[in-house]
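What follows is a set of notes on a single structure, which appears directly below.
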Amino acid sequence: MPRRASPLAPLQHATFRSLWTATLASNLGGLVQAVGAGWLMTTISHSDDMVALVQSATTLPIMIFSLAAGALADNFDRRNIMLTAQILMAIISAVLAVFAFAGLLSPWLLLAFTFFIGCGTALHNPSWQASMGDIVPRSDLPGAVTLNSMSYNLMRSIGPAVGGMIVAIAGAAFAFALNAVSYITLIRALYLWKPQRPINPLPREAFGSAIGAGLRYIAMSPNLLKVMMRAFLFGLAAVSVLALLPLVARDLVHGGAFTYGMLLGCFGAGAIIGAFLNARVRETWRNETIVRAAFVGYALSTVLLAVSRHTWLSGLALMPAGACWVMTLSLFNVTVQLSTPRWVVGRALAIYQTATFGGLAGGSWLWGVIAESHGADQSLLASGGLLIVGAIVGLRFALPEFGTLNLDPLDRFHEPDLKLDLRSRSGPILITLDYEIAQSDIQAFLRLMSLRRRIRLRDGARQWTLLRDLENPRVWTESYHAPTWVEYVRHHQRRTQADAEVFDQILALHRGAEPPRVRRMIERQTVPVRDDTPLKEQTGLP
C-alpha cells in the first residue's frame, strides 16, 4: 500500500519553504488591514452596501486584471513581476496609513486605496501560483497549493483577532501601518530567490496574442470550462459570509471590532482544519463529491449564521464554512494546474482567478444590496439557497478528476530545412497533411480528427479543415493556417506528450506506403522583392 504523502511535504524544498514562510507575514498584515478597512467603513458610513463594497474593492481588480497578469507571468520573469507587485502594495499601504492618521479618509477614498492594493494582488497572484510548478515537483503540487491556502487561513485564524485588537485599542491607521511593514519579509525573500527560467529561442509573444492564446486554450478545454463555471458560482454565493461578517458582528450578535476579528478567526481556524484534511479527503472521494458536499456544507453554515444571535454559535457555524472554502478553492486550483501545460499555466490560473474573483466581487455587491433592503440575515439565507443550486449544477457539469496526462512538451518537431529566406513575421502559413484511410476506418478516423481539431485550435492553429478527395476517396487532407512562421513553430512547441496519443492513433489508421505527406506553404498574392527570396539566389550557390 503506497504511503500517504504528508501535507507538509512541499516544505522540504528550501525555496518553497523560504517564500511560504515570508508569505505568512505578508498575509498577516493583509488580514489586519482588511479588518481595519472593514471596520473603519462601518464608522465612516452608515450604508450596509458600502461596507460590503470593501470586499468588492479588494476582489474587483483581480477579476479585471488577472488575465493580463497571467500573460505577463507566462512571458516575463515571474520573480520580477512579484517583486514589483509587492513593492507597489507596500507603498500604497504606507500612503493609506498616512491618510488614516491624518483623518483624511472618506468612504470612497478608502475604497480607492483598497482597490489599488487589490491591483497589486492581481499582478502578484498568477506569477506566484504559476511558480508552484517551477519550485516543487508535480507530485507535491497539490500539497503546495493546499499549503498556500493554509498560509492565508493560518493567518486568518489569528490575523483578524489581532486586527480587531489593534483597531479597538489604537485605531484603523495602526492596522494599515502594520500592513505596510509586513511586505518587507516577502520582498526580501523574493529578492534572494534566483530562479532559472528556461531559454526559449523564439521571440516573446505579443501581449495581445498572449492573452488571446490563453482565452483560446480555455475555450477549447471543456474540463477547464467546468472548473471556471463552478468556481464563479462558488465565489458568487460563498462570499456572502465574508462580505457581511462586519454586519453580523454589529447587528446580529451586537459586538464590536474585536468580535468581528474573532468571528473571522473562527472562519480561518476551520480553513486550517480543512487544509489538513484535504489530502485524505481527496484520496477517499471523487472531486465532484467533495465539491458538491462543500457547496451543501457551506450553505448549512450560512443558514446557521443567519439565525444565530450568539457569538459562540456564529463562531461555531463559521468553522465548517472555512473548511469548505479552502477545500473547494484549493481543489479548483489544483485541477487547473494539473490540467494545463507549463506554457499557458499562468494564463489558465489567471482566468480561473478572474472567474472566482468575478463571483466574489459580484456577490459582495449583490449580498450587500440585499442586506441594505432586507437585512444581513435574509441576505445570508438567499446566498445559502444559491449554494444549493451550485451543488445541483454539479449533476450536469461534474468536476473532472485530476488528470494523469503527461503535459510535458512533446519535442518531436524539428524545424524543416527551408528553401526560402523567411522572416520571423513572414506569413500566413498554410499546412496540409495527406492521409490514406480505408473505408472501414472512416468512423474511427473522423472521431480522432475531431479531437485533433480541438488540439490544433487550442494550440494556436486557425482555419482548420478536413477535406476528402473526390477522385480518390481514400485520400483525406487536413489543413490549417498559422499567422506567421514563428507562430507555426510555437504551435508545435506547445504540443504535449498527451497530445501524441491522438496523432499516433491517426497514424495507425494511415494506409499509405509512406508517412502522411506534409506540405508547408506561404500564401502569396503580392510580395516585396526582398522577401521570400530563394536561398540559392541570395548566396550565389547552384
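Just remember, in the C-alpha cells the first chain shown is A, the second B, etc., residues are 1-based per chain, and ligands are 1-based in the order shown.
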Residue contacts of region 514-517 of chain A (12 Å, only C-alpha atoms) excluding same-chain residues fewer than 2 positions away, as a ChimeraX atom specification | /A:431-437,475-479,503-504,506-512,519-520
Could you write out, as a ChimeraX atom specification, all the residues of region 337-414 of chain A that DSSP marks as helix (DSSP H, G or I)?
-> /A:337-338,342-374,376-393
Counting only C-alpha atoms, which residues in region 328-407 of chain A sit no more than 8 Å from region 211-218 of chain A? For each one, give the nearest pair of atoms and the distance in Å, sorted by chain then residue number, as a Markdown table.
| residue | atom | partner | partner_atom | distance |
| --- | --- | --- | --- | --- |
| A:Val344 | CA | A:Gly214 | CA | 6.4 |
| A:Arg347 | CA | A:Gly214 | CA | 5.4 |
| A:Ala348 | CA | A:Gly214 | CA | 6.5 |
| A:Ile351 | CA | A:Leu215 | CA | 7.9 |
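Coordinates place CA of Leu360 (chain A) at a distance of 22.9 Å from CA of Arg396 (chain A).
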Could you produce a table of the residues of region 56-172 of chain A lying within 10 Å of region 331-334 of chain A, with the nearest pair of atoms per residue and their separation in Å rounded to one decimal, using only C-alpha atoms, ordered by chain and increasing residue number, as a Markdown table?
| residue | atom | partner | partner_atom | distance |
| --- | --- | --- | --- | --- |
| A:Gln129 | CA | A:Asn333 | CA | 8.8 |
| A:Leu141 | CA | A:Val334 | CA | 7.4 |
| A:Pro142 | CA | A:Val334 | CA | 5.7 |
| A:Gly143 | CA | A:Val334 | CA | 9.1 |
| A:Ala144 | CA | A:Val334 | CA | 9.3 |
| A:Val145 | CA | A:Val334 | CA | 6.6 |
| A:Thr146 | CA | A:Leu331 | CA | 8.4 |
How would the residues just picked look written out with C-alpha atoms as a tab-separated table (two decimals), in the first residue's frame?
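Everything below was put into out_36.tsv:
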chain	number	residue	atom	x	y	z
A	129	GLN	CA	0.58	30.38	-8.41
A	141	LEU	CA	1.92	20.35	-6.37
A	142	PRO	CA	-1.43	19.58	-4.65
A	143	GLY	CA	0.28	19.89	-1.28
A	144	ALA	CA	1.91	23.19	-2.28
A	145	VAL	CA	-1.42	24.65	-3.38
A	146	THR	CA	-3.04	23.49	-0.14
